[in-house]
Amino acid sequence: MIRIWTFLSRTQGRNGPNWVDWLAYGYLALGLLVILFPVLWLGLNSFKSQALLEQNDLSLIPKDYVRLGRASVTTPEGKEFVLIEGLPNWVLDWGGLTDSEKIEQDVLGLVEQYQGVEAIALSSYLGLSEARARMVIQELNLDDCLLSYASSTPEARVACDADTALYQISDLEDRAAVGGFLGLPEYKVGKISGQIRVSAPDPVSGEERIWAITSLTSNRETIAARALDNPSERPVQLPISSIVSSASLDLRWENYIDPLKGNISGVNINFMQCFTNSLLVTVLATALTLLINSMAAFALSKYRFRGQLLSLALVLGTLMVPPTVMLIGVFKMINAAGLGGSIWGVIIPGAATPTGVFLLRQYMLTIPEELLEAARMDAASEWKVFWRIIIPLAMPAIAALGILSVIWRWNDLILPLVAIPTQTDAHTLQLCLLNLDGENINQPHYKLAMTMLTLIPTTLVFVFLQRFITTGIASTGVK
Amino acid sequence: MAKLELKNLKKSYSSIEVIHGVDMEIQSGEFCVFVGPSGCGKSTMLRMIAGLEGITEGHVCIDEESVNHLPAAQRGLAMVFQSYALYPHMSVRQNLSFGLENLRMSKSEVSQRVGEAAKMLQIEALLERKPGQLSGGQRQRVAIGRTVVREPKIFLFDEPLSNLDAELRVAMRAEIAALHRRLGNTMIYVTHDQVEAMTMADKIAVLRDGKVEQFGAPLDLYNNPANKFVAGFIGTPRMNFLNVSKGESGKIVLPGGKTAAVPTDWQWEGDKAILGVRAHHVKLDDKGELPFQANSVEQLGGETYVYGDVDGQDMTVHITGQANVKSGEALQLTFDMADTHLFQSN
């Protein structure tokens, strides 16, 4: 730790930093910020809640505003708005929960805590109304025609006389449940939507009040707000500058956990499976790439044979053809080989890369011929020469190619898209990310979290392999 | 231990022939040195014996059997390279054992042989180091150790001392000679330094332009050089050469005009010839046959070298002990005709 500090606090000036130091350290800090900030932003934003991201919240820190639930409830007396305080997060996120998650919640217990219009709004939103309506109809011995009222013809509805039936229900909540069940317009209950609880002075009276607003991000100077103490009064335009909101740090680990467990509502993607597939593809393809490329490079750099230059020219020539041009050919080849739909269709076509052959060949040219001759005099077979002499000495280049190959394979979208477009259980991480962007799904929190996940392996590989690049071991033994 | 025979050995690169039919027989246990100026083909010949270069024509025979078809790995030879060619990523111990592992030798035998070789070459303390951490002399020992552990039929050395400084070179020269005495193996040693050749060899092959000029024991070559090239190449200081001409009744006319009798086996081809005489065979003598102009004098204490010219031709004179000669002095030289060599001038 002290050594790091002495390293970082070195100066050119003998008595404290001079202008060169200021300039150099300033430039370093700026560079660090420019590179690090976007990653930091992505990392922190991947922990934000869905609600926050849907509000286009661009701030760095994932936070949680004090939230309210807002709903409109219509009774024969008229339409009124209701703001419900103290709701747990799962109620506000109800729309994004999967069925199994919904079952886990104590819905009944929650609704019991509320009364009147609030209870009506909650039980309607959480799907309790229908059961309650059927129960009430049965208990009060009302006409059975009410059970099929919502789907009956207008003549049947008139015959059924819902108004009289409703008149018999004394309890307000029961009546609202039955009214909603019958589909009567005067008993319509709106969905609960999340609102942010803020405090601001009333623009008219100047008195400090609590308000509910939809989002804090607005490109106008004012924002529509409903007062908590009288939600049904007309929305008031509050100047944004006067709003005081309270927020706390809120890391949503479920952004990572849910996709990895395969718990994304609306789409069947298990990111653990995607991750395993990607890992398998990357590791196998890289191993194969390094093996094949180093063997080709060895032959092209250390053997003299007829057509050597032509082979090299052919290998390098493929560099000139853009890979997109060959896409259809690759697709037909993969299918002809019977590799379509399996991860081998991604691994094998990418195994030999001209860049890799060229890179390794150029490096192997610098390994002295005498070392190979010495090994041959030492009774080594050509295979041994390759494994024991060439491979260890070409390690810096192989590590460099390894890093490149891992990054290529891991980030590749095109080849998996061509080779395994429909086989969902063979999808790689990049394909899974693509599937998250469906027509009817909008889950930016999962997208950000999984994007962050895709960054981790390539970073780790670079950290562990980069020291091989910096150690040039080949130059030490032979003068 | 093995006998090596080269039979009409030829090597061409496309259409250019670089080795022109070499015949040679190296007996079992002999230390043979290939010597010659750079570009004479001595290294190429060594690599052909090793199996690292293809053979265009002729045969390399080890123990009466042609090994032309065998790759280097199967010829059972071991080689010390000019650059040592130690495997930089392996420790000294691994460098030594690599060849033995390739022969599928048991672990205990490998470690025993490595231990013995390391002890003999005094590199035991270096076994765990990498070649990059060794000095030039130590690398040289490791390179030799790598061949010693193999116990090969024939040792091949390709200018192994050329990367060392002068002092170390003399010491290593003695060590390689001692190694040969101890192991008694057949060794072939390539060098361009005739001093190395003279001090170490049982047999020397002097090469020029892909041909063997002379093959024989060092003193044979020194005393009876087959031609002017060998005479000039072997021995320090270089043999003095004087242009002479045919005089009356076949006598030799020396520079300066005096005459000398010809050796009995001499036949004139034309009327010009070259007389070779070594520096220590000429003496200062007031009544001598050759007029000598001393240009510079090297007084070494135990011996003296006088450099000058005889009638415009360079001449070095070696005098045992200290001599009272000053540069610029005009002197007379004498020599015994029996010590001289007469070559046809062509």
# chains A, B, ... in the order shown; residues from 1 in each chain; ligands from 1
$ interface_residues --of "chain B" --to "chain A" --cutoff "10 Å" --atoms "only C-alpha atoms" --output "compact mmCIF listing (two decimals) with N, CA and C atoms, in the first residue's frame"
# COMPACT_ATOMS: atom_id res chain seq x y z
N ARG B 47 27.50 -29.71 -40.35
CA ARG B 47 26.04 -29.84 -40.28
C ARG B 47 25.55 -31.00 -41.15
N ALA B 50 26.05 -33.90 -39.01
CA ALA B 50 25.06 -33.91 -37.94
C ALA B 50 23.68 -34.31 -38.45
N GLY B 51 23.43 -34.06 -39.73
CA GLY B 51 22.10 -34.36 -40.28
C GLY B 51 21.22 -33.15 -40.35
N LEU B 52 21.79 -31.97 -40.10
CA LEU B 52 21.00 -30.75 -40.15
C LEU B 52 20.94 -30.18 -41.57
N PRO B 71 17.50 -39.00 -39.94
CA PRO B 71 17.40 -37.60 -39.51
C PRO B 71 18.34 -37.36 -38.33
N ALA B 72 18.59 -36.08 -38.07
CA ALA B 72 19.56 -35.71 -37.03
C ALA B 72 19.25 -36.40 -35.72
N ALA B 73 17.94 -36.51 -35.40
CA ALA B 73 17.56 -37.05 -34.10
C ALA B 73 18.01 -38.49 -33.92
N GLN B 74 18.22 -39.23 -35.03
CA GLN B 74 18.50 -40.66 -34.89
C GLN B 74 19.95 -41.03 -35.17
N ARG B 75 20.81 -40.02 -35.38
CA ARG B 75 22.18 -40.37 -35.71
C ARG B 75 23.03 -40.63 -34.48
N GLY B 76 22.53 -40.26 -33.32
CA GLY B 76 23.27 -40.53 -32.09
C GLY B 76 24.48 -39.63 -31.93
N LEU B 77 24.42 -38.45 -32.52
CA LEU B 77 25.52 -37.49 -32.37
C LEU B 77 25.06 -36.35 -31.46
N ALA B 78 26.02 -35.59 -30.96
CA ALA B 78 25.65 -34.43 -30.15
C ALA B 78 26.49 -33.26 -30.59
N MET B 79 25.92 -32.05 -30.48
CA MET B 79 26.58 -30.90 -31.09
C MET B 79 26.57 -29.72 -30.13
N VAL B 80 27.69 -29.00 -30.11
CA VAL B 80 27.76 -27.73 -29.38
C VAL B 80 27.72 -26.62 -30.42
N PHE B 81 26.74 -25.72 -30.29
CA PHE B 81 26.56 -24.69 -31.31
C PHE B 81 27.37 -23.44 -30.98
N GLN B 82 27.60 -22.67 -32.02
CA GLN B 82 28.36 -21.43 -31.84
C GLN B 82 27.67 -20.50 -30.84
N SER B 83 26.32 -20.43 -30.95
CA SER B 83 25.57 -19.56 -30.03
C SER B 83 25.14 -20.31 -28.78
N TYR B 84 25.63 -21.53 -28.62
CA TYR B 84 25.28 -22.45 -27.52
C TYR B 84 23.87 -23.01 -27.67
N ALA B 85 22.92 -22.17 -28.16
CA ALA B 85 21.54 -22.64 -28.37
C ALA B 85 20.98 -23.34 -27.15
N LEU B 86 21.18 -22.76 -25.98
CA LEU B 86 20.53 -23.31 -24.78
C LEU B 86 19.06 -22.93 -24.82
N TYR B 87 18.19 -23.82 -24.32
CA TYR B 87 16.76 -23.52 -24.31
C TYR B 87 16.49 -22.47 -23.25
N PRO B 88 16.12 -21.26 -23.64
CA PRO B 88 16.08 -20.17 -22.66
C PRO B 88 14.99 -20.32 -21.61
N HIS B 89 13.96 -21.12 -21.90
CA HIS B 89 12.87 -21.24 -20.96
C HIS B 89 13.06 -22.39 -19.98
N MET B 90 14.17 -23.14 -20.14
CA MET B 90 14.39 -24.27 -19.24
C MET B 90 15.57 -23.96 -18.32
N ASN B 95 17.80 -28.31 -19.35
CA ASN B 95 18.57 -28.27 -20.58
C ASN B 95 19.39 -29.55 -20.74
N LEU B 96 19.97 -29.99 -19.61
CA LEU B 96 20.82 -31.18 -19.69
C LEU B 96 19.98 -32.44 -19.86
N SER B 97 18.82 -32.49 -19.23
CA SER B 97 18.06 -33.74 -19.24
C SER B 97 17.13 -33.86 -20.44
N PHE B 98 16.92 -32.76 -21.17
CA PHE B 98 15.96 -32.77 -22.28
C PHE B 98 16.27 -33.90 -23.28
N GLY B 99 17.52 -33.98 -23.69
CA GLY B 99 17.90 -35.00 -24.67
C GLY B 99 17.71 -36.41 -24.14
N LEU B 100 17.98 -36.59 -22.85
CA LEU B 100 17.85 -37.94 -22.27
C LEU B 100 16.39 -38.33 -22.16
N GLU B 101 15.55 -37.35 -21.81
CA GLU B 101 14.11 -37.64 -21.74
C GLU B 101 13.58 -38.07 -23.10
N ASN B 102 14.10 -37.44 -24.14
CA ASN B 102 13.65 -37.80 -25.48
C ASN B 102 14.01 -39.23 -25.83
N LEU B 103 15.06 -39.74 -25.19
CA LEU B 103 15.47 -41.13 -25.45
C LEU B 103 14.73 -42.09 -24.52
N LYS B 130 18.40 -20.30 -14.96
CA LYS B 130 18.03 -20.24 -16.37
C LYS B 130 19.26 -19.76 -17.15
N PRO B 131 19.38 -20.13 -18.43
CA PRO B 131 20.55 -19.71 -19.21
C PRO B 131 20.78 -18.20 -19.20
N GLY B 132 19.69 -17.43 -19.14
CA GLY B 132 19.84 -15.98 -19.13
C GLY B 132 20.60 -15.45 -17.94
N GLN B 133 20.67 -16.27 -16.88
CA GLN B 133 21.35 -15.80 -15.66
C GLN B 133 22.80 -16.26 -15.61
N LEU B 134 23.31 -16.82 -16.71
CA LEU B 134 24.68 -17.35 -16.70
C LEU B 134 25.61 -16.45 -17.49
N GLY B 136 29.01 -15.98 -20.05
CA GLY B 136 29.37 -16.65 -21.31
C GLY B 136 30.06 -17.98 -21.08
N ARG B 139 27.64 -20.60 -19.77
CA ARG B 139 26.75 -21.11 -20.82
C ARG B 139 27.49 -22.14 -21.67
N ALA B 143 26.44 -25.91 -22.42
CA ALA B 143 26.28 -26.42 -23.78
C ALA B 143 27.10 -27.69 -23.96
N ARG B 146 25.47 -30.52 -22.07
CA ARG B 146 24.30 -31.07 -22.75
C ARG B 146 24.71 -32.17 -23.73
N THR B 147 25.91 -32.02 -24.31
CA THR B 147 26.36 -33.09 -25.21
C THR B 147 26.96 -34.24 -24.42
N ARG B 150 24.64 -37.01 -23.11
CA ARG B 150 24.07 -37.90 -24.13
C ARG B 150 24.96 -39.10 -24.40
N ASN B 163 32.64 -16.97 -29.13
CA ASN B 163 31.93 -15.92 -28.40
C ASN B 163 32.58 -15.57 -27.06
$ select_by_dssp --residues "stretch 23-139 of chain A" --states "alpha helix (DSSP H)" --output "PyMOL selection string"
chain A and resi 23-45+50-54+89-92+99-104+107-112+116-125+129-139
$ residues_around --residues "A:Arg361" --least-positions-apart "2" --cutoff "12 Å" --atoms "only C-alpha atoms" --output "PDB file with C-alpha atoms, in the first residue's frame"
ATOM      1  CA  ASN A 293      -3.001 -21.416 -35.443  1.00  0.00           C
ATOM      2  CA  SER A 294       0.263 -22.163 -33.671  1.00  0.00           C
ATOM      3  CA  MET A 295       0.704 -25.367 -35.670  1.00  0.00           C
ATOM      4  CA  ALA A 296       0.096 -23.532 -38.917  1.00  0.00           C
ATOM      5  CA  ALA A 297       2.401 -20.716 -37.858  1.00  0.00           C
ATOM      6  CA  PHE A 298       5.129 -23.202 -36.930  1.00  0.00           C
ATOM      7  CA  ALA A 299       4.981 -24.812 -40.362  1.00  0.00           C
ATOM      8  CA  LEU A 300       4.910 -21.478 -42.156  1.00  0.00           C
ATOM      9  CA  SER A 301       7.784 -19.983 -40.179  1.00  0.00           C
ATOM     10  CA  LYS A 302      10.165 -22.890 -39.576  1.00  0.00           C
ATOM     11  CA  TYR A 303       9.808 -25.332 -42.463  1.00  0.00           C
ATOM     12  CA  LEU A 312       0.997 -17.790 -46.591  1.00  0.00           C
ATOM     13  CA  VAL A 315      -3.975 -17.290 -45.537  1.00  0.00           C
ATOM     14  CA  LEU A 316      -3.317 -13.570 -45.606  1.00  0.00           C
ATOM     15  CA  PRO A 354      -5.688 -15.666 -40.519  1.00  0.00           C
ATOM     16  CA  THR A 355      -4.819 -12.884 -38.098  1.00  0.00           C
ATOM     17  CA  GLY A 356      -3.737 -15.446 -35.535  1.00  0.00           C
ATOM     18  CA  VAL A 357      -1.623 -17.410 -37.989  1.00  0.00           C
ATOM     19  CA  PHE A 358       0.086 -14.252 -39.169  1.00  0.00           C
ATOM     20  CA  LEU A 359       0.681 -12.921 -35.655  1.00  0.00           C
ATOM     21  CA  TYR A 363       6.709 -14.005 -33.671  1.00  0.00           C
ATOM     22  CA  MET A 364       8.035 -17.492 -34.354  1.00  0.00           C
ATOM     23  CA  LEU A 365      10.359 -16.109 -37.039  1.00  0.00           C
ATOM     24  CA  THR A 366      12.291 -14.466 -34.211  1.00  0.00           C
ATOM     25  CA  ILE A 367      12.958 -17.789 -32.457  1.00  0.00           C
ATOM     26  CA  ILE A 390       8.260 -23.472 -29.933  1.00  0.00           C
ATOM     27  CA  ILE A 391       5.166 -23.235 -27.718  1.00  0.00           C
ATOM     28  CA  ALA A 394       6.072 -18.187 -28.416  1.00  0.00           C
ATOM     29  CA  ALA A 397       2.377 -14.086 -28.765  1.00  0.00           C
ATOM     30  CA  ILE A 398       0.106 -16.989 -27.879  1.00  0.00           C
ATOM     31  CA  LEU A 401      -3.752 -14.143 -29.414  1.00  0.00           C
TER      32      LEU A 401
END
$ residues_around --residues "B:Asn68" --least-positions-apart "5" --cutoff "9 Å" --atoms "only C-alpha atoms" --output "NGL selection string"
:B and (48-49 or 51 or 54-55 or 58-61)
$ residues_around --residues "stretch 406-417 of chain A" --least-positions-apart "3" --cutoff "8 Å" --atoms "only C-alpha atoms" --output "ChimeraX atom specification"
/A:278-279,281-283,285-286,345-346,402-403,420-421,427-428,430-431,458,461
$ residues_around --residues "B:Val35" --least-positions-apart "4" --cutoff "9 Å" --atoms "only C-alpha atoms" --output "list of chain:residue names"
B:Cys40, B:Lys42, B:Tyr189, B:Val190, B:Thr191, B:His192, B:Asp193, B:Gln194, B:Ala197, B:Ile204, B:Ala205, B:Val206, B:Leu207, B:Arg208
$ write_last_selection --atoms "N, CA and C atoms" --output "PDB file, in the first residue's frame"
ATOM      1  N   CYS B  40      34.537 -21.337 -46.081  1.00  0.00           N
ATOM      2  CA  CYS B  40      35.217 -22.428 -46.762  1.00  0.00           C
ATOM      3  C   CYS B  40      34.386 -23.694 -46.759  1.00  0.00           C
ATOM      4  N   LYS B  42      33.368 -25.370 -43.854  1.00  0.00           N
ATOM      5  CA  LYS B  42      33.626 -26.282 -42.732  1.00  0.00           C
ATOM      6  C   LYS B  42      32.393 -26.497 -41.868  1.00  0.00           C
ATOM      7  N   TYR B 189      35.682 -30.820 -34.534  1.00  0.00           N
ATOM      8  CA  TYR B 189      35.692 -29.472 -34.004  1.00  0.00           C
ATOM      9  C   TYR B 189      35.921 -28.524 -35.170  1.00  0.00           C
ATOM     10  N   VAL B 190      35.036 -27.569 -35.320  1.00  0.00           N
ATOM     11  CA  VAL B 190      35.175 -26.617 -36.417  1.00  0.00           C
ATOM     12  C   VAL B 190      35.663 -25.286 -35.867  1.00  0.00           C
ATOM     13  N   THR B 191      36.667 -24.717 -36.482  1.00  0.00           N
ATOM     14  CA  THR B 191      37.158 -23.405 -36.033  1.00  0.00           C
ATOM     15  C   THR B 191      37.816 -22.690 -37.206  1.00  0.00           C
ATOM     16  N   HIS B 192      37.935 -21.382 -37.081  1.00  0.00           N
ATOM     17  CA  HIS B 192      38.720 -20.675 -38.088  1.00  0.00           C
ATOM     18  C   HIS B 192      40.055 -20.252 -37.493  1.00  0.00           C
ATOM     19  N   ASP B 193      40.262 -20.655 -36.216  1.00  0.00           N
ATOM     20  CA  ASP B 193      41.464 -20.227 -35.502  1.00  0.00           C
ATOM     21  C   ASP B 193      42.467 -21.376 -35.522  1.00  0.00           C
ATOM     22  N   GLN B 194      43.570 -21.197 -36.258  1.00  0.00           N
ATOM     23  CA  GLN B 194      44.511 -22.300 -36.412  1.00  0.00           C
ATOM     24  C   GLN B 194      45.230 -22.636 -35.110  1.00  0.00           C
ATOM     25  N   ALA B 197      43.223 -25.162 -33.536  1.00  0.00           N
ATOM     26  CA  ALA B 197      43.416 -26.404 -34.271  1.00  0.00           C
ATOM     27  C   ALA B 197      44.721 -27.077 -33.859  1.00  0.00           C
ATOM     28  N   ILE B 204      44.113 -32.563 -38.322  1.00  0.00           N
ATOM     29  CA  ILE B 204      43.538 -31.312 -38.801  1.00  0.00           C
ATOM     30  C   ILE B 204      43.168 -31.478 -40.265  1.00  0.00           C
ATOM     31  N   ALA B 205      41.991 -30.982 -40.605  1.00  0.00           N
ATOM     32  CA  ALA B 205      41.638 -30.906 -42.019  1.00  0.00           C
ATOM     33  C   ALA B 205      41.582 -29.435 -42.381  1.00  0.00           C
ATOM     34  N   VAL B 206      42.486 -29.017 -43.287  1.00  0.00           N
ATOM     35  CA  VAL B 206      42.466 -27.619 -43.713  1.00  0.00           C
ATOM     36  C   VAL B 206      41.570 -27.524 -44.943  1.00  0.00           C
ATOM     37  N   LEU B 207      40.552 -26.683 -44.853  1.00  0.00           N
ATOM     38  CA  LEU B 207      39.608 -26.565 -45.957  1.00  0.00           C
ATOM     39  C   LEU B 207      39.715 -25.219 -46.632  1.00  0.00           C
ATOM     40  N   ARG B 208      39.493 -25.237 -47.939  1.00  0.00           N
ATOM     41  CA  ARG B 208      39.352 -23.981 -48.672  1.00  0.00           C
ATOM     42  C   ARG B 208      38.356 -24.179 -49.802  1.00  0.00           C
TER      43      ARG B 208
END
$ atom_distance --atom1 "atom CA of B:His281" --atom2 "atom CA of B:Lys251"
20.7 Å
$ closest_atom_pairs --of "stretch 106-163 of chain A" --to "stretch 71-82 of chain A" --cutoff "12 Å" --atoms "only C-alpha atoms" --output "CSV"
residue,atom,partner,partner_atom,distance
A:Gln115,CA,A:Val82,CA,11.8
A:Gly116,CA,A:Val82,CA,10.3
A:Val117,CA,A:Val73,CA,6.9
A:Glu118,CA,A:Val82,CA,6.6
A:Ala119,CA,A:Val82,CA,10.3
A:Ile120,CA,A:Val73,CA,7.7
A:Ala121,CA,A:Ala71,CA,6.5
A:Leu122,CA,A:Ala71,CA,8.7
A:Ser123,CA,A:Ala71,CA,11.6
A:Ser124,CA,A:Val73,CA,9.8
A:Tyr125,CA,A:Ala71,CA,9.1
A:Asp163,CA,A:Pro76,CA,11.0
$ atom_distance --atom1 "atom CA of B:Lys283" --atom2 "atom CA of B:Ile234"
21.0 Å
